[in-house]
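Peer 1: Got a structure here, written out as structure tokens. Questions coming.
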Amino acid sequence: MRVQIDPGRCQGHGRCYDLAPDLFAADEDGYGTVPGDGAVPAGREDDARLAQANCPEDAVVLEGG
């Protein structure tokens with residue numbers, strides 16, 4: 001599974017990096033980013049899904065899962 005953030009939708013609410021700080025980070029303006037290549041480590045898929053479900057702008061995008 002891979003995770004991305006759609007920068008056109010992200011409004012900087014920060015729920016993704018609050019819920020899963022090892023999968024997401026914040027840029028200098030508080031918008032969500034995905035460190036590295038976005039690969040979700042085994043066993044962390046539920047955290048990625050939780051972040052996606054809690055993004056009010058639907059900016060968290062999951063691929064392959």
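FYI, nothing fancy with the structure tokens labels: chains A, B, ... in order, residues from 1 per chain, ligands from 1 as they appear.
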Give me, as number ranges by chain, all polymer residues having an atom no more than 6 Å from segment 35-44 of chain A, counting only C-alpha atoms and skipping those fewer than 4 positions away in the same chain.

Peer 2: A: 1-3

Peer 1: Go ahead and write the residues just picked, N, CA, C and O atoms, as a PDB file, in the first residue's frame.

Peer 2:
```
ATOM      1  N   MET A   1       0.844  -1.164   0.000  1.00  0.00           N
ATOM      2  CA  MET A   1       0.000   0.000   0.000  1.00  0.00           C
ATOM      3  C   MET A   1       0.897   1.237   0.000  1.00  0.00           C
ATOM      4  O   MET A   1       1.941   1.257   0.624  1.00  0.00           O
ATOM      5  N   ARG A   2       0.440   2.237  -0.713  1.00  0.00           N
ATOM      6  CA  ARG A   2       1.116   3.535  -0.738  1.00  0.00           C
ATOM      7  C   ARG A   2       0.115   4.617  -0.359  1.00  0.00           C
ATOM      8  O   ARG A   2      -1.066   4.497  -0.594  1.00  0.00           O
ATOM      9  N   VAL A   3       0.650   5.688   0.210  1.00  0.00           N
ATOM     10  CA  VAL A   3      -0.179   6.815   0.604  1.00  0.00           C
ATOM     11  C   VAL A   3       0.376   8.078  -0.056  1.00  0.00           C
ATOM     12  O   VAL A   3       1.580   8.210  -0.255  1.00  0.00           O
TER      13      VAL A   3
END
```

Peer 1: Would you mind writing down, as JSON, numbers by chain, each residue of chain A that DSSP on the backbone assigns to strand (DSSP E or B)?

Peer 2: {"A": [2, 3, 4, 5, 25, 26, 32, 33, 39, 60, 61, 62, 63]}

Peer 1: Store the residues of this selection in a file with N, CA, C and O atoms, as a CSV table (one decimal), in the first residue's frame.

Peer 2:
```csv
chain,number,residue,atom,x,y,z
A,2,ARG,N,0.4,2.2,-0.7
A,2,ARG,CA,1.1,3.5,-0.7
A,2,ARG,C,0.1,4.6,-0.4
A,2,ARG,O,-1.1,4.5,-0.6
A,3,VAL,N,0.7,5.7,0.2
A,3,VAL,CA,-0.2,6.8,0.6
A,3,VAL,C,0.4,8.1,-0.1
A,3,VAL,O,1.6,8.2,-0.3
A,4,GLN,N,-0.5,9.0,-0.4
A,4,GLN,CA,-0.2,10.3,-1.0
A,4,GLN,C,-1.1,11.3,-0.4
A,4,GLN,O,-2.1,11.0,0.2
A,5,ILE,N,-0.7,12.6,-0.5
A,5,ILE,CA,-1.6,13.7,-0.2
A,5,ILE,C,-1.8,14.5,-1.4
A,5,ILE,O,-0.8,14.9,-2.1
A,25,ALA,N,3.9,14.0,7.6
A,25,ALA,CA,4.6,15.1,8.2
A,25,ALA,C,3.9,16.4,7.8
A,25,ALA,O,3.0,16.4,7.0
A,26,ALA,N,4.4,17.5,8.4
A,26,ALA,CA,3.9,18.8,8.0
A,26,ALA,C,5.0,19.6,7.3
A,26,ALA,O,6.2,19.5,7.7
A,32,GLY,N,0.0,18.8,5.0
A,32,GLY,CA,0.5,17.5,5.1
A,32,GLY,C,1.4,17.1,4.0
A,32,GLY,O,1.2,17.5,2.9
A,33,THR,N,2.4,16.3,4.3
A,33,THR,CA,3.3,15.7,3.3
A,33,THR,C,3.5,14.3,3.6
A,33,THR,O,3.2,13.8,4.7
A,39,ALA,N,5.4,4.5,0.8
A,39,ALA,CA,5.1,3.1,1.1
A,39,ALA,C,4.7,3.0,2.6
A,39,ALA,O,5.4,3.5,3.5
A,60,VAL,N,-6.1,12.7,1.6
A,60,VAL,CA,-5.3,11.5,1.8
A,60,VAL,C,-5.7,10.4,0.8
A,60,VAL,O,-6.9,10.0,0.8
A,61,VAL,N,-4.8,10.0,-0.1
A,61,VAL,CA,-5.1,9.0,-1.1
A,61,VAL,C,-4.3,7.8,-0.9
A,61,VAL,O,-3.1,7.8,-0.7
A,62,LEU,N,-5.0,6.6,-0.8
A,62,LEU,CA,-4.4,5.3,-0.7
A,62,LEU,C,-4.4,4.6,-2.0
A,62,LEU,O,-5.4,4.6,-2.7
A,63,GLU,N,-3.3,3.9,-2.3
A,63,GLU,CA,-3.2,3.1,-3.5
A,63,GLU,C,-2.8,1.7,-3.1
A,63,GLU,O,-2.0,1.5,-2.2
```

Peer 1: Find the residues around segment 8-21 of chain A up to 10 Å (only C-alpha atoms counted), leave out those fewer than 3 positions away in its own chain, and share them as a list in words.

Peer 2: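 Counting only the stated atoms, we get Ile5, Phe24, Ala25, Ala26, Asp27, Asp29, Gly30, Tyr31, Gly32, Thr33, Val34, Arg44, Asp46, Asp47, Ala48, Arg49, Leu50, Ala51, Gln52, Ala53, Asn54, Cys55, Pro56, Glu57, Asp58, Ala59 and Val60 of chain A.
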
Peer 1: Take the residues just selected and output them with N, CA, C and O atoms as an mmCIF file, in the first residue's frame.

Peer 2:
```cif
data_model
loop_
_atom_site.group_PDB
_atom_site.id
_atom_site.type_symbol
_atom_site.label_atom_id
_atom_site.label_comp_id
_atom_site.auth_asym_id
_atom_site.auth_seq_id
_atom_site.Cartn_x
_atom_site.Cartn_y
_atom_site.Cartn_z
ATOM 1 N N ILE A 5 -0.714 12.553 -0.537
ATOM 2 C CA ILE A 5 -1.596 13.663 -0.184
ATOM 3 C C ILE A 5 -1.784 14.501 -1.437
ATOM 4 O O ILE A 5 -0.810 14.896 -2.083
ATOM 5 N N PHE A 24 3.058 10.491 8.025
ATOM 6 C CA PHE A 24 2.828 11.819 7.470
ATOM 7 C C PHE A 24 3.659 12.844 8.231
ATOM 8 O O PHE A 24 4.032 12.619 9.376
ATOM 9 N N ALA A 25 3.891 13.964 7.597
ATOM 10 C CA ALA A 25 4.601 15.074 8.228
ATOM 11 C C ALA A 25 3.923 16.367 7.793
ATOM 12 O O ALA A 25 3.012 16.356 6.972
ATOM 13 N N ALA A 26 4.393 17.472 8.352
ATOM 14 C CA ALA A 26 3.880 18.782 7.976
ATOM 15 C C ALA A 26 4.986 19.574 7.290
ATOM 16 O O ALA A 26 6.151 19.483 7.671
ATOM 17 N N ASP A 27 4.596 20.331 6.278
ATOM 18 C CA ASP A 27 5.575 21.217 5.656
ATOM 19 C C ASP A 27 5.665 22.504 6.478
ATOM 20 O O ASP A 27 5.021 22.631 7.523
ATOM 21 N N ASP A 29 4.372 25.257 6.150
ATOM 22 C CA ASP A 29 3.109 25.988 6.261
ATOM 23 C C ASP A 29 2.017 25.185 6.967
ATOM 24 O O ASP A 29 0.876 25.641 7.060
ATOM 25 N N GLY A 30 2.345 23.981 7.425
ATOM 26 C CA GLY A 30 1.374 23.154 8.139
ATOM 27 C C GLY A 30 0.567 22.206 7.273
ATOM 28 O O GLY A 30 -0.326 21.527 7.769
ATOM 29 N N TYR A 31 0.874 22.159 5.985
ATOM 30 C CA TYR A 31 0.180 21.235 5.094
ATOM 31 C C TYR A 31 0.801 19.848 5.200
ATOM 32 O O TYR A 31 2.009 19.702 5.407
ATOM 33 N N GLY A 32 -0.025 18.821 5.040
ATOM 34 C CA GLY A 32 0.457 17.459 5.140
ATOM 35 C C GLY A 32 1.378 17.080 3.991
ATOM 36 O O GLY A 32 1.173 17.497 2.853
ATOM 37 N N THR A 33 2.380 16.289 4.322
ATOM 38 C CA THR A 33 3.293 15.730 3.330
ATOM 39 C C THR A 33 3.498 14.255 3.642
ATOM 40 O O THR A 33 3.175 13.790 4.735
ATOM 41 N N VAL A 34 4.042 13.541 2.682
ATOM 42 C CA VAL A 34 4.363 12.137 2.864
ATOM 43 C C VAL A 34 5.873 11.985 2.704
ATOM 44 O O VAL A 34 6.398 12.190 1.604
ATOM 45 N N ARG A 44 0.880 -1.190 9.368
ATOM 46 C CA ARG A 44 0.477 0.203 9.571
ATOM 47 C C ARG A 44 -0.657 0.617 8.630
ATOM 48 O O ARG A 44 -1.041 1.778 8.584
ATOM 49 N N ASP A 46 -3.845 0.077 8.829
ATOM 50 C CA ASP A 46 -5.009 0.634 9.540
ATOM 51 C C ASP A 46 -4.792 2.098 9.899
ATOM 52 O O ASP A 46 -5.732 2.896 9.876
ATOM 53 N N ASP A 47 -3.563 2.467 10.223
ATOM 54 C CA ASP A 47 -3.269 3.868 10.530
ATOM 55 C C ASP A 47 -3.425 4.743 9.290
ATOM 56 O O ASP A 47 -3.931 5.866 9.375
ATOM 57 N N ALA A 48 -3.007 4.234 8.147
ATOM 58 C CA ALA A 48 -3.172 4.978 6.896
ATOM 59 C C ALA A 48 -4.655 5.144 6.574
ATOM 60 O O ALA A 48 -5.088 6.235 6.178
ATOM 61 N N ARG A 49 -5.432 4.093 6.772
ATOM 62 C CA ARG A 49 -6.876 4.176 6.530
ATOM 63 C C ARG A 49 -7.563 5.143 7.508
ATOM 64 O O ARG A 49 -8.469 5.883 7.128
ATOM 65 N N LEU A 50 -7.123 5.144 8.756
ATOM 66 C CA LEU A 50 -7.678 6.058 9.750
ATOM 67 C C LEU A 50 -7.397 7.510 9.355
ATOM 68 O O LEU A 50 -8.286 8.363 9.437
ATOM 69 N N ALA A 51 -6.181 7.784 8.918
ATOM 70 C CA ALA A 51 -5.839 9.137 8.471
ATOM 71 C C ALA A 51 -6.688 9.535 7.271
ATOM 72 O O ALA A 51 -7.191 10.663 7.200
ATOM 73 N N GLN A 52 -6.873 8.612 6.339
ATOM 74 C CA GLN A 52 -7.705 8.905 5.168
ATOM 75 C C GLN A 52 -9.139 9.206 5.594
ATOM 76 O O GLN A 52 -9.744 10.172 5.138
ATOM 77 N N ALA A 53 -9.678 8.403 6.476
ATOM 78 C CA ALA A 53 -11.065 8.571 6.909
ATOM 79 C C ALA A 53 -11.278 9.869 7.683
ATOM 80 O O ALA A 53 -12.386 10.404 7.701
ATOM 81 N N ASN A 54 -10.245 10.380 8.321
ATOM 82 C CA ASN A 54 -10.368 11.577 9.144
ATOM 83 C C ASN A 54 -9.966 12.862 8.441
ATOM 84 O O ASN A 54 -10.019 13.934 9.046
ATOM 85 N N CYS A 55 -9.584 12.786 7.181
ATOM 86 C CA CYS A 55 -9.226 13.993 6.440
ATOM 87 C C CYS A 55 -10.508 14.655 5.932
ATOM 88 O O CYS A 55 -11.210 14.095 5.087
ATOM 89 N N PRO A 56 -10.830 15.855 6.434
ATOM 90 C CA PRO A 56 -12.082 16.489 6.026
ATOM 91 C C PRO A 56 -12.091 16.939 4.565
ATOM 92 O O PRO A 56 -13.158 17.174 4.009
ATOM 93 N N GLU A 57 -10.933 17.018 3.952
ATOM 94 C CA GLU A 57 -10.848 17.454 2.554
ATOM 95 C C GLU A 57 -10.643 16.291 1.588
ATOM 96 O O GLU A 57 -10.468 16.509 0.390
ATOM 97 N N ASP A 58 -10.619 15.060 2.095
ATOM 98 C CA ASP A 58 -10.349 13.866 1.282
ATOM 99 C C ASP A 58 -9.038 14.000 0.513
ATOM 100 O O ASP A 58 -8.921 13.566 -0.633
ATOM 101 N N ALA A 59 -8.036 14.589 1.159
ATOM 102 C CA ALA A 59 -6.743 14.795 0.506
ATOM 103 C C ALA A 59 -5.820 13.592 0.634
ATOM 104 O O ALA A 59 -4.859 13.476 -0.130
ATOM 105 N N VAL A 60 -6.083 12.688 1.579
ATOM 106 C CA VAL A 60 -5.251 11.507 1.751
ATOM 107 C C VAL A 60 -5.720 10.438 0.770
ATOM 108 O O VAL A 60 -6.880 10.035 0.783
#
```

Peer 1: Apply DSSP to the structure's backbone, then extract all residues of chain A labelled helix (DSSP H, G or I) and return them as an MDAnalysis selection string.

Peer 2: chainID A and resid 15:19 45:54
